[in-house]
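What follows is one structure encoded as structure tokens, with my remarks underneath.
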Amino acid sequence: MAFPVTVLPELTTPVYSVVIDSGVLLKLTRHTSEAFPATVCGLILGLDANSVLQLTHAFPFPPSEGSGASGNDDASAPRSKANVRYQADMIRLLKEVNIEANPVGYYISSYLGGFFNQALVDNLVALQAANPNSIVLVHDVTRSSQSSVSLKAYRLSAQFLATNKSSGGKFSSEAVVKNNLTYVDILEELPVSIKNSHLGTALLHHLDSPTFATKGDPTSFISTSALAPNFDSLDLSIDPYLEKSVEFLLESVDDYYSEQGTFNYFQRQLGREQSKIQQWIQKTRSENTLRERANLPTVSEEDWQKHFKLPTEPSRLDNLLISAQIDQYCKQIEEYSSVVSSKMFAVQNSLDIHN
Amino acid sequence: MSNYGSFLHLSKPASMMTAQASSTPTPLNIIIHPQSLFSILDHTLRRNEGQERVIGTLLGQRSEDGTEIEIRSAFAVPHIESAAQVEIDMEYHKTMYNLYHKANPKEILVGWYATSLELNAFSALIQNFYSSVSDGTYPYPAVHLTMQVDPSSDISIKTYISTNVGVLPDKISESCLFVPVPNELRYAESERSGLELVASAKNNESRETSIISDIANLEKSIEEVISMLDRVSAYVASVQDGTSPGNAAIGKFLLSNLSLAPKIDPDELEKLFNSHLQDILLVVYLSNTIKTQMQLFNSLKRTAVIS
């Protein structure tokens with residue numbers, strides 16, 4: 001699936017990887033997991049230098065007022081009026097304490113990786129128009145609480161932006177095919193790494209050192225250190241996760257099917273109109289020969305456009321997004337099951353030895 | 001409700017107010033979330049040239065009885081300090097606090113931090129501002145957190161509250177008694193994975209780490225467990241040899257943990273495992289089928305449009 005990435009003209013210094021400051025990571029994971037199951041978002045600030053995007057600060061957006069009035073409040077959150085004002089205020093203040101006041105994108109929380117939607121694309125289109133190096137960080141709260149942190153950085157691919165531009169946001173089949181856009185490359189993922197400052201490293205060593213007083217029971221042998229190893233990833237409760245994943249997957253397939261229905265309807269409609277036009281052209285043609293004989297002005301065959309209107313093609317974007325979402329769910333299930341099955345076999349073996 | 005039945009309004013005498021204030025429970029324990037420490041360190045790194053210490057506001061929650069204070073986040077407040085005077089941008093503090101409060105309605109002002117262990121007259125001055133009646137934490141005492149961030153020494157964190165015991169009346173605004181309060185680091189279960197990831201970089205020279213996949217994480221965990229088991233069995237073996245002295249407490253602990261291993265009928269287990277495994281395989285099969293179907297459909301559509 002490696003298409004040659006066409007570098008957009010305005011993309012002067014494209015970034016290829018993302019480095020997140022440890023403080024930002026902690027802030028972001030805490031905000032998203034505390035708000036769970038609500039999806040929340042916030043702004044990230046940083047710098048792009050030497051094709052690396054450094055994220056140095058982040059702050060959450062306030063929860064939208066009067067939530068519940070419209071079902072999906074946070075959909076356009078980074079661009080809503082209240083948040084734009086909040087963002088401007090915040091950045092002005094952060095500038096005073098020498099923090100890079102340069103927004104480079106936003107972060108969102110997601111539930112089991114269901115983040116492909118119109119709002120995400122709209123936000124990214126707007127952000128990347130302002131700053132081509134903008135990204136979105138997706139933090140999957142459910143997966144992070146199960147094992148390791150699941151944080152991904154994405155931005156819209158060059159193909160997607162080209163398609164959006166050439167079709168004027170309509171995403172006709174023609175434009176999609178011409179720009180080589182498939183559902184797998186709507187978003188391109190950027191590798192993410194975490195970086196500690198020197199002081200952060202010192203702090204972590206301090207927290208891990210025995211001199212850091214912990215109020216553990218001296219007779220207990222369970223480590224009370226703040227950074228005690230975590231064995232959550234060895235947990236064997238697998239059903240809830242798998243069940244939910246399959247549920248979401250099937251929901252997406254349903255969506256896909258209904259979207260497909262709309263498209264089929266359009267195609268039938270188109271076929272019907274086209275056959276009508278053909279009939280009309282046939283008719284005018286025969287009438288024209290009669291008129292010619294009677295020395296009357298002829299009617300141009302191109303005039304069918306006056307009488308008929310072809311149905312407009314529905315946007316293919318929905319289809320692409322749903323496909324991408326299904327693909328995402330499938331990938332997740334695969335990853336998850338590979339972990340789970342190895343765990344299962346491991347436990348089975350060890351219990352066999354026991355018995 | 002009582003207001004309705006009463007026609008007599010008495011303002012509380014001042015002495016009663018102070019009596020009440022001193023009877024408000026003082027915090028006995030302070031819980032620090034790692035995130036706030038990282039914020040403070042970040043602020044230290046961004047201090048202006050020549051500035052010895054930086055200060056900022058601590059936000060968090062207070063337990064209902066007021067005996068426990070949780071420091072959950074922090075933000076920087078610009079200030080200028082010279083030998084003679086200290087100037088803090090209080091306007092900044094107020095606007096920032098309002099903005100923070102909007103995004104995190106649950107977090108309230110609990111105190112302030114400074115990045116040096118020194119407590120001086122300015123500390124008292126600032127402390128009195130943070131615990132003042134108008135914008136401060138009154139009637140609760142403000143928490144003062146000091147953090148040693150000098151690169152040449154170990155990081156150390158100390159927390160204080162203040163009381164006005166034994167303070168000269170004419171110097172009330174610039175003196176107070178800092179009482180040390182124990183603190184501990186705590187974080188929510190959900191933050192654990194994030195912190196662990198951050199901590200995994202602490203021994204790397206580049207101070208960088210990348211996000212690892214689930215399967216790699218599993219491998220790491222298993223390796224860790226195996227090494228721990230090796231350590232324990234090596235210890236037990238050495239006790240049995242008599243090379244190292246036995247410890248009854250450790251022995252009891254190990255024994256009680258060993259007895260936790262479940263005893264399950266092997267046939268039953270076999271059945272359980274197989275049914276579970278079948279479930280998983282079925283789901284994988286389903287997802288693969290859907291995926292393939294999607295790919296196939298996509299290619300078909302493409303050729304249809306091109307032709």
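By convention in this document, the chains of the structure tokens carry letters A, B, ... by their order, each chain's residues are numbered from 1, and ligands are numbered from 1 in the order they are shown.
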
Write out as JSON, numbers by chain which residues come within 12 Å of A:Leu321 when counting only C-alpha atoms, dropping same-chain ones fewer than 3 positions away. {"A": [114, 115, 116, 117, 118, 119, 120, 121, 160, 171, 181, 182, 183, 184, 185, 186, 187, 252, 253, 255, 256, 259, 315, 316, 317, 318, 324, 325, 326, 327, 328]}

Residues of chain B within 6 Å of chain A, counting only C-alpha atoms - could you list those as number ranges by chain? B: 35, 38, 46, 102-103, 190-191, 193-194, 198, 202, 207-210, 215, 218, 287

Running DSSP on the backbone, which parts of stretch 142-323 of chain A land in helix (DSSP H, G or I), as JSON, numbers by chain? {"A": [142, 143, 144, 145, 146, 158, 159, 160, 161, 162, 163, 164, 165, 166, 173, 174, 175, 176, 177, 178, 183, 184, 185, 198, 199, 200, 201, 202, 203, 204, 205, 206, 207, 208, 232, 233, 234, 239, 240, 241, 242, 243, 244, 245, 246, 247, 248, 249, 250, 251, 252, 253, 254, 255, 256, 257, 258, 259, 260, 261, 262, 263, 264, 265, 266, 267, 268, 269, 270, 271, 272, 273, 274, 275, 276, 277, 278, 279, 280, 281, 282, 283, 284, 285, 286, 287, 288, 289, 290, 291, 292, 293, 301, 302, 303, 304, 305, 306, 307, 317, 318, 319, 320, 321, 322, 323]}

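Each of B:Glu91, B:Pro105, B:Val110, B:Leu195 was checked against B:Ser63 using only C-alpha atoms; the smallest atom-to-atom distance is that of B:Val110.
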